[in-house]
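Data file: input.cif. Format and content: mmCIF, C-alpha atoms and all ligand atoms.
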```cif
data_work
loop_
_atom_site.group_PDB
_atom_site.id
_atom_site.type_symbol
_atom_site.label_atom_id
_atom_site.label_comp_id
_atom_site.auth_asym_id
_atom_site.auth_seq_id
_atom_site.Cartn_x
_atom_site.Cartn_y
_atom_site.Cartn_z
ATOM 1 C CA MET D 373 16.273 -52.248 41.520
ATOM 2 C CA MET D 374 17.949 -49.496 39.520
ATOM 3 C CA GLU D 375 19.991 -46.961 41.423
ATOM 4 C CA PHE D 376 19.023 -43.350 41.263
ATOM 5 C CA ILE D 377 22.465 -41.847 40.863
ATOM 6 C CA GLU D 378 22.590 -39.811 37.706
ATOM 7 C CA TRP D 379 20.081 -38.864 35.049
ATOM 8 C CA SER D 380 20.851 -40.397 31.677
ATOM 9 C CA ASP D 381 19.723 -39.247 28.244
ATOM 10 C CA ASP D 382 18.622 -42.846 27.716
ATOM 11 C CA TYR D 383 15.670 -41.960 29.941
ATOM 12 C CA CYS D 384 14.426 -39.314 27.493
ATOM 13 C CA VAL D 385 11.273 -39.778 25.471
ATOM 14 C CA GLY D 386 12.284 -37.042 23.045
ATOM 15 C CA ASN D 387 10.125 -34.125 24.093
ATOM 16 C CA ASN D 388 11.958 -31.375 25.967
ATOM 17 C CA LEU D 389 9.190 -30.406 28.322
ATOM 18 C CA ILE D 390 8.360 -33.983 29.287
ATOM 19 C CA ASP D 391 12.016 -34.874 29.694
ATOM 20 C CA ILE D 392 12.751 -31.860 31.910
ATOM 21 C CA GLN D 393 9.795 -32.777 34.105
ATOM 22 C CA HIS D 394 10.826 -36.440 34.247
ATOM 23 C CA LYS D 395 14.296 -35.325 35.269
ATOM 24 C CA LEU D 396 12.789 -33.272 38.066
ATOM 25 C CA PHE D 397 10.920 -36.381 39.219
ATOM 26 C CA PHE D 398 14.122 -38.435 39.010
ATOM 27 C CA GLU D 399 15.964 -35.874 41.157
ATOM 28 C CA MET D 400 13.192 -35.984 43.744
ATOM 29 C CA VAL D 401 13.389 -39.793 43.972
ATOM 30 C CA LYS D 402 17.173 -39.616 44.172
ATOM 31 C CA ASP D 403 17.058 -37.026 46.923
ATOM 32 C CA LEU D 404 14.431 -38.954 48.881
ATOM 33 C CA SER D 405 16.297 -42.254 48.644
ATOM 34 C CA ASN D 406 19.552 -40.567 49.740
ATOM 35 C CA ARG D 407 17.933 -38.968 52.732
ATOM 36 C CA MET D 408 16.017 -42.116 53.706
ATOM 37 C CA GLY D 409 19.294 -44.012 53.575
ATOM 38 C CA SER D 410 21.092 -41.602 55.868
ATOM 39 C CA ASP D 411 21.041 -41.781 59.648
ATOM 40 C CA LYS D 412 19.307 -38.516 60.153
ATOM 41 C CA HIS D 413 15.914 -38.822 58.526
ATOM 42 C CA ASP D 414 15.567 -35.106 57.911
ATOM 43 C CA VAL D 415 12.791 -35.705 55.430
ATOM 44 C CA LYS D 416 9.683 -33.596 55.657
ATOM 45 C CA ALA D 417 7.004 -36.025 54.517
ATOM 46 C CA LYS D 418 4.504 -33.225 54.084
ATOM 47 C CA ASP D 419 6.824 -31.349 51.723
ATOM 48 C CA ILE D 420 7.571 -34.440 49.654
ATOM 49 C CA ILE D 421 3.902 -35.285 49.274
ATOM 50 C CA GLN D 422 3.070 -31.658 48.486
ATOM 51 C CA PHE D 423 5.774 -31.677 45.816
ATOM 52 C CA LEU D 424 4.296 -34.853 44.320
ATOM 53 C CA GLN D 425 0.791 -33.440 44.314
ATOM 54 C CA ASP D 426 1.943 -30.288 42.522
ATOM 55 C CA TYR D 427 4.078 -32.359 40.197
ATOM 56 C CA VAL D 428 1.329 -34.724 39.076
ATOM 57 C CA ASP D 429 -1.076 -31.827 38.519
ATOM 58 C CA MET D 430 1.445 -30.068 36.312
ATOM 59 C CA HIS D 431 3.093 -33.001 34.616
ATOM 60 C CA PHE D 432 0.213 -35.321 33.783
ATOM 61 C CA SER D 433 -1.807 -32.594 32.101
ATOM 62 C CA ALA D 434 1.249 -31.455 30.097
ATOM 63 C CA GLU D 435 2.029 -35.004 29.025
ATOM 64 C CA GLU D 436 -1.557 -35.831 28.141
ATOM 65 C CA ALA D 437 -1.835 -32.625 26.065
ATOM 66 C CA ILE D 438 1.222 -33.663 24.054
ATOM 67 C CA MET D 439 -0.169 -37.191 23.654
ATOM 68 C CA SER D 440 -3.380 -35.794 22.333
ATOM 69 C CA GLU D 441 -1.505 -33.478 19.918
ATOM 70 C CA VAL D 442 0.384 -36.375 18.366
ATOM 71 C CA SER D 443 -2.654 -38.704 18.431
ATOM 72 C CA PHE D 444 -1.023 -41.191 20.759
ATOM 73 C CA PRO D 445 -3.333 -44.223 20.509
ATOM 74 C CA ASP D 446 -3.197 -45.437 24.126
ATOM 75 C CA ILE D 447 -4.036 -42.086 25.663
ATOM 76 C CA GLN D 448 -7.113 -43.292 27.554
ATOM 77 C CA ASP D 449 -5.372 -46.202 29.254
ATOM 78 C CA HIS D 450 -2.414 -43.969 29.925
ATOM 79 C CA GLN D 451 -4.634 -41.339 31.501
ATOM 80 C CA ALA D 452 -6.246 -43.968 33.731
ATOM 81 C CA ILE D 453 -2.785 -45.008 34.951
ATOM 82 C CA HIS D 454 -1.962 -41.365 35.709
ATOM 83 C CA ASN D 455 -5.193 -40.998 37.661
ATOM 84 C CA GLU D 456 -4.396 -44.097 39.682
ATOM 85 C CA PHE D 457 -0.988 -42.677 40.605
ATOM 86 C CA SER D 458 -2.551 -39.347 41.615
ATOM 87 C CA LYS D 459 -4.993 -41.220 43.847
ATOM 88 C CA ASN D 460 -2.128 -43.028 45.549
ATOM 89 C CA ILE D 461 -0.422 -39.717 46.279
ATOM 90 C CA GLN D 462 -3.671 -38.333 47.639
ATOM 91 C CA ARG D 463 -4.010 -41.399 49.862
ATOM 92 C CA PHE D 464 -0.539 -40.807 51.290
ATOM 93 C CA SER D 465 -1.503 -37.235 51.992
ATOM 94 C CA ASP D 466 -4.587 -38.417 53.889
ATOM 95 C CA GLU D 467 -2.528 -40.991 55.793
ATOM 96 C CA LEU D 468 -0.188 -38.293 57.104
ATOM 97 C CA HIS D 469 -2.761 -37.697 59.819
ATOM 98 C CA SER D 470 -2.992 -41.305 60.926
ATOM 99 C CA ASP D 471 -0.036 -43.447 59.878
ATOM 100 C CA GLU D 472 3.554 -43.266 61.046
ATOM 101 C CA VAL D 473 5.563 -40.829 58.910
ATOM 102 C CA SER D 474 8.512 -43.130 58.222
ATOM 103 C CA HIS D 475 6.119 -45.849 57.098
ATOM 104 C CA ILE D 476 4.456 -43.456 54.638
ATOM 105 C CA LEU D 477 7.836 -42.322 53.328
ATOM 106 C CA ASP D 478 8.856 -45.937 52.698
ATOM 107 C CA LYS D 479 5.705 -46.365 50.655
ATOM 108 C CA VAL D 480 6.293 -43.091 48.791
ATOM 109 C CA LEU D 481 9.827 -44.156 47.918
ATOM 110 C CA THR D 482 8.745 -47.576 46.677
ATOM 111 C CA LEU D 483 5.890 -46.116 44.656
ATOM 112 C CA THR D 484 8.021 -43.420 43.012
ATOM 113 C CA GLN D 485 10.941 -45.756 42.255
ATOM 114 C CA ASN D 486 8.587 -48.264 40.651
ATOM 115 C CA TRP D 487 6.834 -45.473 38.800
ATOM 116 C CA PHE D 488 10.087 -44.323 37.264
ATOM 117 C CA LEU D 489 10.876 -47.831 36.031
ATOM 118 C CA GLU D 490 7.475 -49.152 35.126
ATOM 119 C CA HIS D 491 5.834 -45.993 33.916
ATOM 120 C CA ILE D 492 8.375 -43.383 32.801
ATOM 121 C CA LEU D 493 10.913 -45.779 31.310
ATOM 122 C CA THR D 494 8.304 -48.151 29.934
ATOM 123 C CA GLN D 495 4.899 -46.629 29.243
ATOM 124 C CA ASP D 496 6.002 -43.039 28.595
ATOM 125 C CA LYS D 497 8.723 -44.344 26.297
ATOM 126 C CA GLN D 498 5.985 -45.606 23.967
ATOM 127 C CA LEU D 499 5.366 -41.978 23.099
ATOM 128 C CA MET D 500 8.777 -41.677 21.490
ATOM 129 C CA LYS D 501 7.818 -43.093 18.131
ATOM 130 C CA TYR D 502 4.860 -40.730 17.776
ATOM 131 C CA LEU D 503 6.902 -37.573 18.336
ATOM 132 C CA HIS D 504 8.663 -37.405 14.983
HETATM 133 FE FE FE M 601 2.874 -40.832 31.707
#
```

As structure tokens, the full file:
Amino acid sequence: MMEFIEWSDDYCVGNNLIDIQHKLFFEMVKDLSNRMGSDKHDVKAKDIIQFLQDYVDMHFSAEEAIMSEVSFPDIQDHQAIHNEFSKNIQRFSDELHSDEVSHILDKVLTLTQNWFLEHILTQDKQLMKYLH
């Protein structure tokens, strides 16, 4: 598992807006993993999930608009993957009423860490060659 210590320009896909938003996501994962690792779990699950809901609303539509502008060929599959992620975040939000908070936060951390590796650094990176 990669460590979320410092943002690197190697993570960039080459579009300023997307990269700034990805960096924001990175910082959120970093902050969450630091706080989960500390003794005092001063993490407000509701705030984290609210941040993620706002983030996906803002970021996925921005990214998909850019993909459509540059005629990115895999846009439909990519969009479906985005929708799946949004659904997972929504599910966590629903679970806040029933499941134990620390259990939800563990799942949020795992999901967002994997997302950074498997989506941002892998699938979003495919966009790079269409940007120039
Ligand atoms: Fe994406």

Practice prompt. All residues within 9 Å of ligand FE 601 (chain M) are required, counting only C-alpha atoms and all ligand atoms; please report them as a ChimeraX atom specification.
Written response: /D:431-432,435-436,450-451,453-454,491-492,495-497

I need the residues from that last selection saved to file as a short mmCIF file (atom, residue, chain, number, x, y, z; two decimals), in the frame of the given file (with C-alpha atoms), if you can.
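Heads up, here's the output in result_23.cif:
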```cif
data_model
loop_
_atom_site.label_atom_id
_atom_site.label_comp_id
_atom_site.auth_asym_id
_atom_site.auth_seq_id
_atom_site.Cartn_x
_atom_site.Cartn_y
_atom_site.Cartn_z
CA HIS D 431 3.09 -33.00 34.62
CA PHE D 432 0.21 -35.32 33.78
CA GLU D 435 2.03 -35.00 29.02
CA GLU D 436 -1.56 -35.83 28.14
CA HIS D 450 -2.41 -43.97 29.92
CA GLN D 451 -4.63 -41.34 31.50
CA ILE D 453 -2.78 -45.01 34.95
CA HIS D 454 -1.96 -41.36 35.71
CA HIS D 491 5.83 -45.99 33.92
CA ILE D 492 8.38 -43.38 32.80
CA GLN D 495 4.90 -46.63 29.24
CA ASP D 496 6.00 -43.04 28.60
CA LYS D 497 8.72 -44.34 26.30
#
```

Worksheet entry | For Glu472 of chain D, the nearest of the candidates D:Asn486, D:Ala417, D:Met439, D:Phe398, counting only C-alpha atoms |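 Closest candidate: D:Ala417.
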
Worksheet item: With all atoms listed in the file as the basis for distance, which of D:Tyr502, D:Tyr427, D:Phe457, D:Phe444 is at the shortest distance from Asn387 of chain D?
Response: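 Result for the nearest residue to Asn387 of chain D: D:Tyr502.
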
Practice prompt. Using all atoms listed in the file, find all polymer residues with an atom at most 10 Å away from the point (16.3, -41.5, 28.3); report them as number ranges by chain.
Written response: D: 379-386, 391, 394-395, 492-493, 497

Item to complete: Could you jot down the atom CA of Ile461 of chain D to atom CA of Leu389 of chain D separation for me, Å, one decimal place?
Response: 22.4 Å

Fill in: Point-to-point distance in Å for atom CA of Val480 of chain D and atom CA of Met400 of chain D
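Between atom CA of Met400 of chain D and atom CA of Val480 of chain D the gap is 11.1 Å.
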
Worksheet item: Quick one: of D:Gln448, D:Leu503, D:Met374, D:Lys416, who's nearest to Glu490 of chain D, counting all atoms listed in the file?
Response: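 Closest to Glu490 of chain D of all the choices is D:Met374.
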
With all atoms of segment 446-451 of chain D from the file as input, state the centre and edge lengths in Å to one decimal of the axis-aligned box that has 4 Å extra on each side, as lines of an AutoDock Vina configuration file.
```
center_x = -4.8
center_y = -43.8
center_z = 27.8
size_x = 12.7
size_y = 12.9
size_z = 15.4
```

Item to complete: Find the residues near His469 of chain D: any atom within 12 Å, counting all atoms listed in the file, skip ones fewer than 5 places away on the same chain, and give them as JSON, numbers by chain.
Response: {"D": [417, 418, 463, 464, 476]}

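Here atom CA of Asp478 of chain D is placed at a distance of 27.9 Å from atom CA of Ala434 of chain D.
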